[in-house]
Amino acid sequence: MTRRVERPILSRMRNTVTVALKAALPLALTALTLGGCAGLDPEAALANRGRDRRPISVDHGKVIRDGEKLWLWGGKPESWRFDLTGARLRPAQLHYGIGREAFPALLEPRFETVSNASKRLPAQERVLTVSIAGETRIYPLSLLERHEVVNDALGGREIFAAFCPLADLAAVYDRRVDGRVHTFALSGYTYFSPALWSGLDAFVLWDRETESLWLPTAGRAVSGAMRDAPMKVLEKSLWSQTTWGDARARFPDARVLSRDQPYSPPRTWVRLEPRAQERPAETPPDALAPRWGENGGVK
């Protein structure tokens with residue numbers, strides 16, 4: 001059954017996460033380097049733990065060794081877990097872990113007219129705009145904050161808009177990676193590294209097709225079958241970070257993300273078979289999201 005996402009529920013959930021994140025002091029570990037293999041292999045943190053399945057205390061019981069494999073808890077049921085074997089991150093710097101469906105990424109978003117949206121959006125509301133092949137979408141950040149990821153398609157392109165309130169990171173990405181379309185959502189984790197995004201916690205994404213983890217502040221996948229695949233920020237000529245007042249004047253015929261969004265998590269989705277692929281050690285510059293205003297939008 002489809003359920004509607006209400007603001008009070010999500011507000012309480014966000015407050016819980018915020019309190020927990022502020023209470024958890026990041027461990028003083030060496031900065032993560034994602035430009036190649038310099039980041040600590042998670043196996044090293046477990047070198048003296050043997051091959052049992054006991055949770056690792058520094059990871060809040062979320063990381064489990066099973067033989068040669070490392071797994072990260074992703075929620076209930078038990079199959080909701082992520083493969084951390086050989087991951088390009090430090091498990092101890094993953095924070096909280098509330099489950100991968102706790103924040104409802106949109107899969108079939110609803111939109112409304114500029115005229116209707118103008119009844120509730122103030123002129124200074126921050127928004128993302130995307131224009132492809134004559135179609136324009138506008139995503140208000142106040143709504144992106146509820147869902148944080150909106151999977152969409154327009155002008156013949158599969159895209160997703162994302163906003164991380166903790167890092168104040170808002171960007172639009174191409175969902176087609178390695179020639180295949182991926183569906184993105186929140187993993188339920190944030191990640192801290194002093195070397196990334198001024199040391200701010202930022203959300204960690206996952207894709208439904210390969211269950212890989214992706215870190216927008218690093219601009220690449222950090223675990224799973226897609227490890228080291230670069231995130232593809234949409235060409236900056238196609239999108240902007242701006243205000244509602246500017247967007248409605250420039251795009252009077254655009255479709256605006258609606259605040260009334262039905263949602264139910266899918267029970268199944270298409271699985272992609274892993275493909276062996278050599279990827280560059282360096283993250284390409286166009287895989288890194290710009291900070292607010294750096295792509296020609298609001299300064």
# chains A, B, ... in the order shown; residues from 1 in each chain; ligands from 1
>>> closest_atom_pairs(of="range 57-112 of chain A", to="range 207-210 of chain A", cutoff="12 Å", atoms="only C-alpha atoms", output="JSON lines")
{"residue": "A:Trp80", "atom": "CA", "partner": "A:Arg208", "partner_atom": "CA", "distance": 10.5}
{"residue": "A:Arg81", "atom": "CA", "partner": "A:Arg208", "partner_atom": "CA", "distance": 11.5}
{"residue": "A:Phe82", "atom": "CA", "partner": "A:Thr210", "partner_atom": "CA", "distance": 9.7}
{"residue": "A:Asp83", "atom": "CA", "partner": "A:Thr210", "partner_atom": "CA", "distance": 10.1}
{"residue": "A:Arg100", "atom": "CA", "partner": "A:Arg208", "partner_atom": "CA", "distance": 10.3}
{"residue": "A:Glu101", "atom": "CA", "partner": "A:Arg208", "partner_atom": "CA", "distance": 11.4}
{"residue": "A:Ala105", "atom": "CA", "partner": "A:Asp207", "partner_atom": "CA", "distance": 11.0}
{"residue": "A:Leu107", "atom": "CA", "partner": "A:Arg208", "partner_atom": "CA", "distance": 11.1}
>>> write_last_selection(atoms="N, CA and C atoms", output="PDB file, in the first residue's frame")
ATOM      1  N   TRP A  80      19.316  -6.622   3.637  1.00  0.00           N
ATOM      2  CA  TRP A  80      19.609  -5.215   3.381  1.00  0.00           C
ATOM      3  C   TRP A  80      20.973  -4.873   3.987  1.00  0.00           C
ATOM      4  N   ARG A  81      22.014  -5.283   3.330  1.00  0.00           N
ATOM      5  CA  ARG A  81      23.353  -4.988   3.814  1.00  0.00           C
ATOM      6  C   ARG A  81      24.241  -4.642   2.631  1.00  0.00           C
ATOM      7  N   PHE A  82      25.332  -3.967   2.921  1.00  0.00           N
ATOM      8  CA  PHE A  82      26.234  -3.491   1.878  1.00  0.00           C
ATOM      9  C   PHE A  82      27.588  -4.185   2.010  1.00  0.00           C
ATOM     10  N   ASP A  83      28.162  -4.529   0.889  1.00  0.00           N
ATOM     11  CA  ASP A  83      29.463  -5.189   0.863  1.00  0.00           C
ATOM     12  C   ASP A  83      30.559  -4.134   1.046  1.00  0.00           C
ATOM     13  N   ARG A 100      18.243   1.895   5.237  1.00  0.00           N
ATOM     14  CA  ARG A 100      18.276   2.477   3.904  1.00  0.00           C
ATOM     15  C   ARG A 100      16.929   2.963   3.387  1.00  0.00           C
ATOM     16  N   GLU A 101      15.828   2.724   4.084  1.00  0.00           N
ATOM     17  CA  GLU A 101      14.545   3.276   3.664  1.00  0.00           C
ATOM     18  C   GLU A 101      14.029   4.337   4.632  1.00  0.00           C
ATOM     19  N   ALA A 105      13.697   8.336  -0.730  1.00  0.00           N
ATOM     20  CA  ALA A 105      14.085   8.859  -2.045  1.00  0.00           C
ATOM     21  C   ALA A 105      12.924   8.644  -3.015  1.00  0.00           C
ATOM     22  N   LEU A 107      11.057   7.880  -6.470  1.00  0.00           N
ATOM     23  CA  LEU A 107      11.287   7.082  -7.663  1.00  0.00           C
ATOM     24  C   LEU A 107      10.360   7.502  -8.797  1.00  0.00           C
TER      25      LEU A 107
END
>>> residues_around(residues="Glu211 in chain A", least_positions_apart="5", cutoff="10 Å", atoms="only C-alpha atoms", output="ChimeraX atom specification")
/A:80-83,182-184,187,205-206,223-226,271-272
>>> closest_residue(among="A:Leu121, A:Leu257, A:Ile98, A:Ala281", to="Ala161 in chain A", atoms="only C-alpha atoms")
A:Leu257
>>> residues_around(residues="Glu235 in chain A", least_positions_apart="4", cutoff="12 Å", atoms="only C-alpha atoms", output="ChimeraX atom specification")
/A:130-132,157,159,171-174,239-240,285-290,295
>>> closest_residue(among="A:Leu106, A:Ala229, A:Val256, A:Val270", to="Arg120 in chain A", atoms="only C-alpha atoms")
A:Val256
>>> atom_distance(atom1="CA of Arg227 in chain A", atom2="CA of Pro104 in chain A")
24.0 Å
>>> atom_distance(atom1="CA of Ile64 in chain A", atom2="CA of Leu215 in chain A")
20.8 Å
>>> atom_distance(atom1="CA of Trp269 in chain A", atom2="CA of Val222 in chain A")
21.7 Å
>>> residues_around(residues="Leu143 in chain A", least_positions_apart="2", cutoff="8 Å", atoms="only C-alpha atoms", output="PyMOL selection string")
chain A and resi 139-141+145-147+257-259
>>> write_last_selection(atoms="C-alpha atoms", output="CSV table (one decimal), in the first residue's frame")
chain,number,residue,atom,x,y,z
A,139,TYR,CA,13.4,21.2,-7.3
A,140,PRO,CA,12.9,23.4,-4.2
A,141,LEU,CA,15.4,22.6,-1.5
A,145,GLU,CA,15.3,18.1,2.3
A,146,ARG,CA,12.4,15.7,3.0
A,147,HIS,CA,13.6,13.1,0.4
A,257,LEU,CA,8.4,19.3,-7.6
A,258,SER,CA,5.2,18.9,-5.6
A,259,ARG,CA,5.0,18.7,-1.8
>>> closest_residue(among="A:Arg279, A:Arg267, A:Lys232, A:Arg126", to="Pro77 in chain A", atoms="only C-alpha atoms")
A:Arg267
>>> residues_around(residues="range 196-204 of chain A", least_positions_apart="4", cutoff="10 Å", atoms="only C-alpha atoms", output="JSON list (two decimals) with N, CA and C atoms, in the first residue's frame")
[["chain", "number", "residue", "atom", "x", "y", "z"],
["A", 21, "LEU", "N", 24.04, 12.60, 15.64],
["A", 21, "LEU", "CA", 25.27, 13.00, 14.96],
["A", 21, "LEU", "C", 26.07, 14.00, 15.78],
["A", 26, "PRO", "N", 33.57, 12.43, 16.19],
["A", 26, "PRO", "CA", 34.36, 11.68, 15.20],
["A", 26, "PRO", "C", 35.69, 11.23, 15.79],
["A", 31, "ALA", "N", 43.36, 11.36, 7.86],
["A", 31, "ALA", "CA", 42.41, 11.75, 6.81],
["A", 31, "ALA", "C", 42.36, 10.71, 5.71],
["A", 32, "LEU", "N", 41.16, 10.51, 5.21],
["A", 32, "LEU", "CA", 40.94, 9.58, 4.10],
["A", 32, "LEU", "C", 41.43, 10.18, 2.80],
["A", 33, "THR", "N", 42.13, 9.38, 2.00],
["A", 33, "THR", "CA", 42.51, 9.80, 0.67],
["A", 33, "THR", "C", 41.80, 8.92, -0.33],
["A", 34, "LEU", "N", 40.96, 9.52, -1.20],
["A", 34, "LEU", "CA", 40.18, 8.74, -2.15],
["A", 34, "LEU", "C", 40.74, 8.82, -3.55],
["A", 93, "GLN", "N", 34.41, 5.94, 10.50],
["A", 93, "GLN", "CA", 33.98, 7.30, 10.17],
["A", 93, "GLN", "C", 32.60, 7.33, 9.53],
["A", 94, "LEU", "N", 31.95, 6.17, 9.48],
["A", 94, "LEU", "CA", 30.54, 6.12, 9.10],
["A", 94, "LEU", "C", 29.71, 6.40, 10.34],
["A", 95, "HIS", "N", 28.76, 7.30, 10.22],
["A", 95, "HIS", "CA", 27.99, 7.70, 11.39],
["A", 95, "HIS", "C", 26.54, 7.22, 11.31],
["A", 148, "GLU", "N", 15.74, 14.05, -0.02],
["A", 148, "GLU", "CA", 17.19, 14.13, -0.24],
["A", 148, "GLU", "C", 17.64, 13.60, -1.59],
["A", 163, "PHE", "N", 20.16, 16.56, -2.31],
["A", 163, "PHE", "CA", 20.49, 17.63, -1.38],
["A", 163, "PHE", "C", 20.83, 17.02, -0.03],
["A", 164, "CYS", "N", 22.02, 17.34, 0.47],
["A", 164, "CYS", "CA", 22.45, 16.91, 1.81],
["A", 164, "CYS", "C", 22.45, 18.13, 2.72],
["A", 165, "PRO", "N", 21.51, 18.22, 3.67],
["A", 165, "PRO", "CA", 21.45, 19.40, 4.54],
["A", 165, "PRO", "C", 22.70, 19.54, 5.41],
["A", 166, "LEU", "N", 23.30, 18.44, 5.84],
["A", 166, "LEU", "CA", 24.46, 18.53, 6.73],
["A", 166, "LEU", "C", 25.65, 19.20, 6.06],
["A", 167, "ALA", "N", 25.89, 18.84, 4.79],
["A", 167, "ALA", "CA", 27.01, 19.42, 4.04],
["A", 167, "ALA", "C", 26.58, 20.61, 3.19],
["A", 168, "ASP", "N", 25.29, 20.92, 3.17],
["A", 168, "ASP", "CA", 24.75, 21.96, 2.29],
["A", 168, "ASP", "C", 25.19, 21.72, 0.85],
["A", 169, "LEU", "N", 25.07, 20.46, 0.45],
["A", 169, "LEU", "CA", 25.47, 20.04, -0.90],
["A", 169, "LEU", "C", 24.21, 19.77, -1.71],
["A", 185, "ALA", "N", 19.43, 6.20, -3.77],
["A", 185, "ALA", "CA", 18.71, 6.50, -2.54],
["A", 185, "ALA", "C", 19.72, 6.66, -1.42],
["A", 186, "LEU", "N", 19.24, 7.02, -0.22],
["A", 186, "LEU", "CA", 20.12, 7.18, 0.93],
["A", 186, "LEU", "C", 20.40, 5.84, 1.59],
["A", 187, "SER", "N", 21.64, 5.64, 1.99],
["A", 187, "SER", "CA", 22.02, 4.40, 2.66],
["A", 187, "SER", "C", 21.61, 4.39, 4.13],
["A", 188, "GLY", "N", 21.32, 5.57, 4.68],
["A", 188, "GLY", "CA", 21.07, 5.69, 6.11],
["A", 188, "GLY", "C", 22.31, 6.06, 6.90],
["A", 189, "TYR", "N", 23.44, 6.24, 6.21],
["A", 189, "TYR", "CA", 24.70, 6.61, 6.85],
["A", 189, "TYR", "C", 25.16, 7.98, 6.37],
["A", 190, "THR", "N", 25.91, 8.64, 7.23],
["A", 190, "THR", "CA", 26.70, 9.80, 6.81],
["A", 190, "THR", "C", 28.17, 9.42, 6.98],
["A", 191, "TYR", "N", 29.05, 10.23, 6.38],
["A", 191, "TYR", "CA", 30.48, 9.94, 6.45],
["A", 191, "TYR", "C", 31.25, 11.20, 6.77],
["A", 192, "PHE", "N", 32.21, 11.05, 7.67],
["A", 192, "PHE", "CA", 33.07, 12.17, 8.06],
["A", 192, "PHE", "C", 34.49, 11.92, 7.61],
["A", 213, "LEU", "N", 27.87, 1.54, -2.57],
["A", 213, "LEU", "CA", 27.79, 2.80, -1.83],
["A", 213, "LEU", "C", 28.51, 3.90, -2.61],
["A", 214, "TRP", "N", 27.94, 5.10, -2.59],
["A", 214, "TRP", "CA", 28.47, 6.25, -3.33],
["A", 214, "TRP", "C", 28.61, 7.42, -2.38],
["A", 215, "LEU", "N", 29.71, 8.16, -2.49],
["A", 215, "LEU", "CA", 29.97, 9.30, -1.62],
["A", 215, "LEU", "C", 30.09, 10.57, -2.47],
["A", 216, "PRO", "N", 29.05, 11.40, -2.50],
["A", 216, "PRO", "CA", 29.08, 12.60, -3.36],
["A", 216, "PRO", "C", 30.25, 13.54, -3.07],
["A", 217, "THR", "N", 30.66, 13.68, -1.81],
["A", 217, "THR", "CA", 31.76, 14.59, -1.50],
["A", 217, "THR", "C", 33.10, 14.07, -2.02],
["A", 218, "ALA", "N", 33.16, 12.79, -2.36],
["A", 218, "ALA", "CA", 34.36, 12.22, -2.98],
["A", 218, "ALA", "C", 34.18, 12.06, -4.48],
["A", 221, "ALA", "N", 31.90, 6.04, -6.41],
["A", 221, "ALA", "CA", 31.45, 4.91, -5.61],
["A", 221, "ALA", "C", 32.60, 4.45, -4.73],
["A", 222, "VAL", "N", 32.29, 4.09, -3.49],
["A", 222, "VAL", "CA", 33.34, 3.73, -2.54],
["A", 222, "VAL", "C", 33.28, 2.28, -2.10],
["A", 291, "ARG", "N", 30.14, 23.60, -4.87],
["A", 291, "ARG", "CA", 29.48, 24.17, -3.70],
["A", 291, "ARG", "C", 28.39, 25.13, -4.18]]
>>> select_by_dssp(residues="range 30-233 of chain A", states="strand (DSSP E or B)", output="count of residues only")
80
>>> closest_residue(among="A:Pro266, A:Asn151, A:Leu128, A:Ser212", to="Gly74 in chain A", atoms="only C-alpha atoms")
A:Ser212
>>> select_by_dssp(residues="range 56-105 of chain A", states="helix (DSSP H, G or I)", output="list in words")
Ser57, Val58, Asp59, Pro91, Ala92 and Gln93 of chain A
>>> decode(residues="range 238-282 of chain A", atoms="N, CA and C atoms", output="PDB file, in the first residue's frame")
ATOM      1  N   LEU A 238      23.342  22.620 -18.149  1.00  0.00           N
ATOM      2  CA  LEU A 238      21.963  22.130 -18.128  1.00  0.00           C
ATOM      3  C   LEU A 238      21.250  22.385 -16.805  1.00  0.00           C
ATOM      4  N   TRP A 239      21.983  22.804 -15.770  1.00  0.00           N
ATOM      5  CA  TRP A 239      21.319  22.985 -14.479  1.00  0.00           C
ATOM      6  C   TRP A 239      21.950  24.144 -13.726  1.00  0.00           C
ATOM      7  N   SER A 240      21.243  24.618 -12.722  1.00  0.00           N
ATOM      8  CA  SER A 240      21.758  25.737 -11.936  1.00  0.00           C
ATOM      9  C   SER A 240      21.224  25.674 -10.519  1.00  0.00           C
ATOM     10  N   GLN A 241      21.947  26.324  -9.628  1.00  0.00           N
ATOM     11  CA  GLN A 241      21.530  26.542  -8.251  1.00  0.00           C
ATOM     12  C   GLN A 241      21.087  27.991  -8.177  1.00  0.00           C
ATOM     13  N   THR A 242      19.834  28.235  -7.869  1.00  0.00           N
ATOM     14  CA  THR A 242      19.332  29.601  -7.919  1.00  0.00           C
ATOM     15  C   THR A 242      18.201  29.763  -6.906  1.00  0.00           C
ATOM     16  N   THR A 243      17.420  30.830  -7.050  1.00  0.00           N
ATOM     17  CA  THR A 243      16.280  31.068  -6.161  1.00  0.00           C
ATOM     18  C   THR A 243      14.978  30.865  -6.920  1.00  0.00           C
ATOM     19  N   TRP A 244      13.904  30.681  -6.155  1.00  0.00           N
ATOM     20  CA  TRP A 244      12.590  30.509  -6.775  1.00  0.00           C
ATOM     21  C   TRP A 244      12.204  31.746  -7.580  1.00  0.00           C
ATOM     22  N   GLY A 245      12.508  32.929  -7.063  1.00  0.00           N
ATOM     23  CA  GLY A 245      12.165  34.144  -7.788  1.00  0.00           C
ATOM     24  C   GLY A 245      12.821  34.201  -9.151  1.00  0.00           C
ATOM     25  N   ASP A 246      14.104  33.804  -9.218  1.00  0.00           N
ATOM     26  CA  ASP A 246      14.809  33.773 -10.493  1.00  0.00           C
ATOM     27  C   ASP A 246      14.279  32.663 -11.390  1.00  0.00           C
ATOM     28  N   ALA A 247      14.045  31.490 -10.831  1.00  0.00           N
ATOM     29  CA  ALA A 247      13.623  30.333 -11.631  1.00  0.00           C
ATOM     30  C   ALA A 247      12.252  30.537 -12.255  1.00  0.00           C
ATOM     31  N   ARG A 248      11.301  31.065 -11.498  1.00  0.00           N
ATOM     32  CA  ARG A 248       9.946  31.234 -12.049  1.00  0.00           C
ATOM     33  C   ARG A 248       9.908  32.297 -13.144  1.00  0.00           C
ATOM     34  N   ALA A 249      10.823  33.288 -13.053  1.00  0.00           N
ATOM     35  CA  ALA A 249      10.892  34.302 -14.102  1.00  0.00           C
ATOM     36  C   ALA A 249      11.515  33.739 -15.375  1.00  0.00           C
ATOM     37  N   ARG A 250      12.505  32.887 -15.238  1.00  0.00           N
ATOM     38  CA  ARG A 250      13.199  32.316 -16.395  1.00  0.00           C
ATOM     39  C   ARG A 250      12.447  31.149 -17.015  1.00  0.00           C
ATOM     40  N   PHE A 251      11.707  30.408 -16.191  1.00  0.00           N
ATOM     41  CA  PHE A 251      11.060  29.188 -16.688  1.00  0.00           C
ATOM     42  C   PHE A 251       9.584  29.156 -16.286  1.00  0.00           C
ATOM     43  N   PRO A 252       8.762  30.019 -16.858  1.00  0.00           N
ATOM     44  CA  PRO A 252       7.342  30.072 -16.453  1.00  0.00           C
ATOM     45  C   PRO A 252       6.568  28.805 -16.799  1.00  0.00           C
ATOM     46  N   ASP A 253       7.069  28.004 -17.726  1.00  0.00           N
ATOM     47  CA  ASP A 253       6.373  26.772 -18.118  1.00  0.00           C
ATOM     48  C   ASP A 253       6.990  25.521 -17.500  1.00  0.00           C
ATOM     49  N   ALA A 254       7.871  25.692 -16.542  1.00  0.00           N
ATOM     50  CA  ALA A 254       8.536  24.548 -15.919  1.00  0.00           C
ATOM     51  C   ALA A 254       7.560  23.742 -15.072  1.00  0.00           C
ATOM     52  N   ARG A 255       7.964  22.541 -14.733  1.00  0.00           N
ATOM     53  CA  ARG A 255       7.237  21.712 -13.773  1.00  0.00           C
ATOM     54  C   ARG A 255       8.032  21.728 -12.469  1.00  0.00           C
ATOM     55  N   VAL A 256       7.312  21.910 -11.356  1.00  0.00           N
ATOM     56  CA  VAL A 256       7.930  22.109 -10.054  1.00  0.00           C
ATOM     57  C   VAL A 256       7.607  20.909  -9.162  1.00  0.00           C
ATOM     58  N   LEU A 257       8.609  20.397  -8.467  1.00  0.00           N
ATOM     59  CA  LEU A 257       8.400  19.267  -7.581  1.00  0.00           C
ATOM     60  C   LEU A 257       7.291  19.597  -6.583  1.00  0.00           C
ATOM     61  N   SER A 258       6.305  18.726  -6.490  1.00  0.00           N
ATOM     62  CA  SER A 258       5.153  18.943  -5.620  1.00  0.00           C
ATOM     63  C   SER A 258       5.452  18.507  -4.194  1.00  0.00           C
ATOM     64  N   ARG A 259       4.793  19.119  -3.233  1.00  0.00           N
ATOM     65  CA  ARG A 259       4.976  18.713  -1.843  1.00  0.00           C
ATOM     66  C   ARG A 259       4.131  17.492  -1.492  1.00  0.00           C
ATOM     67  N   ASP A 260       3.204  17.109  -2.349  1.00  0.00           N
ATOM     68  CA  ASP A 260       2.348  15.939  -2.119  1.00  0.00           C
ATOM     69  C   ASP A 260       2.929  14.757  -2.883  1.00  0.00           C
ATOM     70  N   GLN A 261       3.699  13.931  -2.183  1.00  0.00           N
ATOM     71  CA  GLN A 261       4.420  12.834  -2.844  1.00  0.00           C
ATOM     72  C   GLN A 261       4.070  11.491  -2.210  1.00  0.00           C
ATOM     73  N   PRO A 262       3.259  10.670  -2.887  1.00  0.00           N
ATOM     74  CA  PRO A 262       3.043   9.311  -2.378  1.00  0.00           C
ATOM     75  C   PRO A 262       4.324   8.501  -2.516  1.00  0.00           C
ATOM     76  N   TYR A 263       4.508   7.558  -1.593  1.00  0.00           N
ATOM     77  CA  TYR A 263       5.748   6.783  -1.649  1.00  0.00           C
ATOM     78  C   TYR A 263       5.541   5.421  -1.009  1.00  0.00           C
ATOM     79  N   SER A 264       6.045   4.397  -1.655  1.00  0.00           N
ATOM     80  CA  SER A 264       6.187   3.084  -1.036  1.00  0.00           C
ATOM     81  C   SER A 264       7.436   2.450  -1.618  1.00  0.00           C
ATOM     82  N   PRO A 265       8.303   1.886  -0.772  1.00  0.00           N
ATOM     83  CA  PRO A 265       9.545   1.314  -1.293  1.00  0.00           C
ATOM     84  C   PRO A 265       9.254   0.118  -2.188  1.00  0.00           C
ATOM     85  N   PRO A 266       9.958  -0.017  -3.298  1.00  0.00           N
ATOM     86  CA  PRO A 266       9.737  -1.156  -4.192  1.00  0.00           C
ATOM     87  C   PRO A 266      10.209  -2.453  -3.544  1.00  0.00           C
ATOM     88  N   ARG A 267       9.495  -3.524  -3.813  1.00  0.00           N
ATOM     89  CA  ARG A 267       9.878  -4.824  -3.258  1.00  0.00           C
ATOM     90  C   ARG A 267      10.968  -5.491  -4.090  1.00  0.00           C
ATOM     91  N   THR A 268      10.978  -5.224  -5.371  1.00  0.00           N
ATOM     92  CA  THR A 268      11.996  -5.802  -6.250  1.00  0.00           C
ATOM     93  C   THR A 268      12.456  -4.741  -7.234  1.00  0.00           C
ATOM     94  N   TRP A 269      13.623  -4.962  -7.834  1.00  0.00           N
ATOM     95  CA  TRP A 269      14.107  -4.096  -8.892  1.00  0.00           C
ATOM     96  C   TRP A 269      15.106  -4.885  -9.720  1.00  0.00           C
ATOM     97  N   VAL A 270      15.455  -4.355 -10.870  1.00  0.00           N
ATOM     98  CA  VAL A 270      16.352  -5.053 -11.781  1.00  0.00           C
ATOM     99  C   VAL A 270      17.757  -5.089 -11.195  1.00  0.00           C
ATOM    100  N   ARG A 271      18.327  -6.279 -11.125  1.00  0.00           N
ATOM    101  CA  ARG A 271      19.700  -6.431 -10.649  1.00  0.00           C
ATOM    102  C   ARG A 271      20.655  -6.382 -11.836  1.00  0.00           C
ATOM    103  N   LEU A 272      21.730  -5.645 -11.687  1.00  0.00           N
ATOM    104  CA  LEU A 272      22.746  -5.574 -12.732  1.00  0.00           C
ATOM    105  C   LEU A 272      23.905  -6.493 -12.378  1.00  0.00           C
ATOM    106  N   GLU A 273      24.320  -7.287 -13.325  1.00  0.00           N
ATOM    107  CA  GLU A 273      25.465  -8.158 -13.100  1.00  0.00           C
ATOM    108  C   GLU A 273      26.741  -7.319 -13.058  1.00  0.00           C
ATOM    109  N   PRO A 274      27.598  -7.576 -12.070  1.00  0.00           N
ATOM    110  CA  PRO A 274      28.860  -6.821 -12.004  1.00  0.00           C
ATOM    111  C   PRO A 274      29.689  -7.021 -13.263  1.00  0.00           C
ATOM    112  N   ARG A 275      30.368  -5.959 -13.683  1.00  0.00           N
ATOM    113  CA  ARG A 275      31.231  -6.034 -14.860  1.00  0.00           C
ATOM    114  C   ARG A 275      32.646  -5.641 -14.451  1.00  0.00           C
ATOM    115  N   ALA A 276      33.597  -6.475 -14.829  1.00  0.00           N
ATOM    116  CA  ALA A 276      34.994  -6.127 -14.562  1.00  0.00           C
ATOM    117  C   ALA A 276      35.355  -4.912 -15.398  1.00  0.00           C
ATOM    118  N   GLN A 277      35.883  -3.887 -14.764  1.00  0.00           N
ATOM    119  CA  GLN A 277      36.199  -2.667 -15.487  1.00  0.00           C
ATOM    120  C   GLN A 277      37.323  -1.921 -14.791  1.00  0.00           C
ATOM    121  N   GLU A 278      38.324  -1.551 -15.573  1.00  0.00           N
ATOM    122  CA  GLU A 278      39.405  -0.740 -15.031  1.00  0.00           C
ATOM    123  C   GLU A 278      38.953   0.707 -14.969  1.00  0.00           C
ATOM    124  N   ARG A 279      39.155   1.329 -13.819  1.00  0.00           N
ATOM    125  CA  ARG A 279      38.755   2.722 -13.664  1.00  0.00           C
ATOM    126  C   ARG A 279      39.963   3.524 -13.230  1.00  0.00           C
ATOM    127  N   PRO A 280      40.024   4.798 -13.617  1.00  0.00           N
ATOM    128  CA  PRO A 280      41.187   5.618 -13.257  1.00  0.00           C
ATOM    129  C   PRO A 280      41.298   5.792 -11.753  1.00  0.00           C
ATOM    130  N   ALA A 281      42.528   5.902 -11.282  1.00  0.00           N
ATOM    131  CA  ALA A 281      42.757   6.078  -9.848  1.00  0.00           C
ATOM    132  C   ALA A 281      42.304   7.451  -9.373  1.00  0.00           C
ATOM    133  N   GLU A 282      42.372   8.437 -10.251  1.00  0.00           N
ATOM    134  CA  GLU A 282      42.000   9.793  -9.872  1.00  0.00           C
ATOM    135  C   GLU A 282      40.522  10.049 -10.152  1.00  0.00           C
TER     136      GLU A 282
END
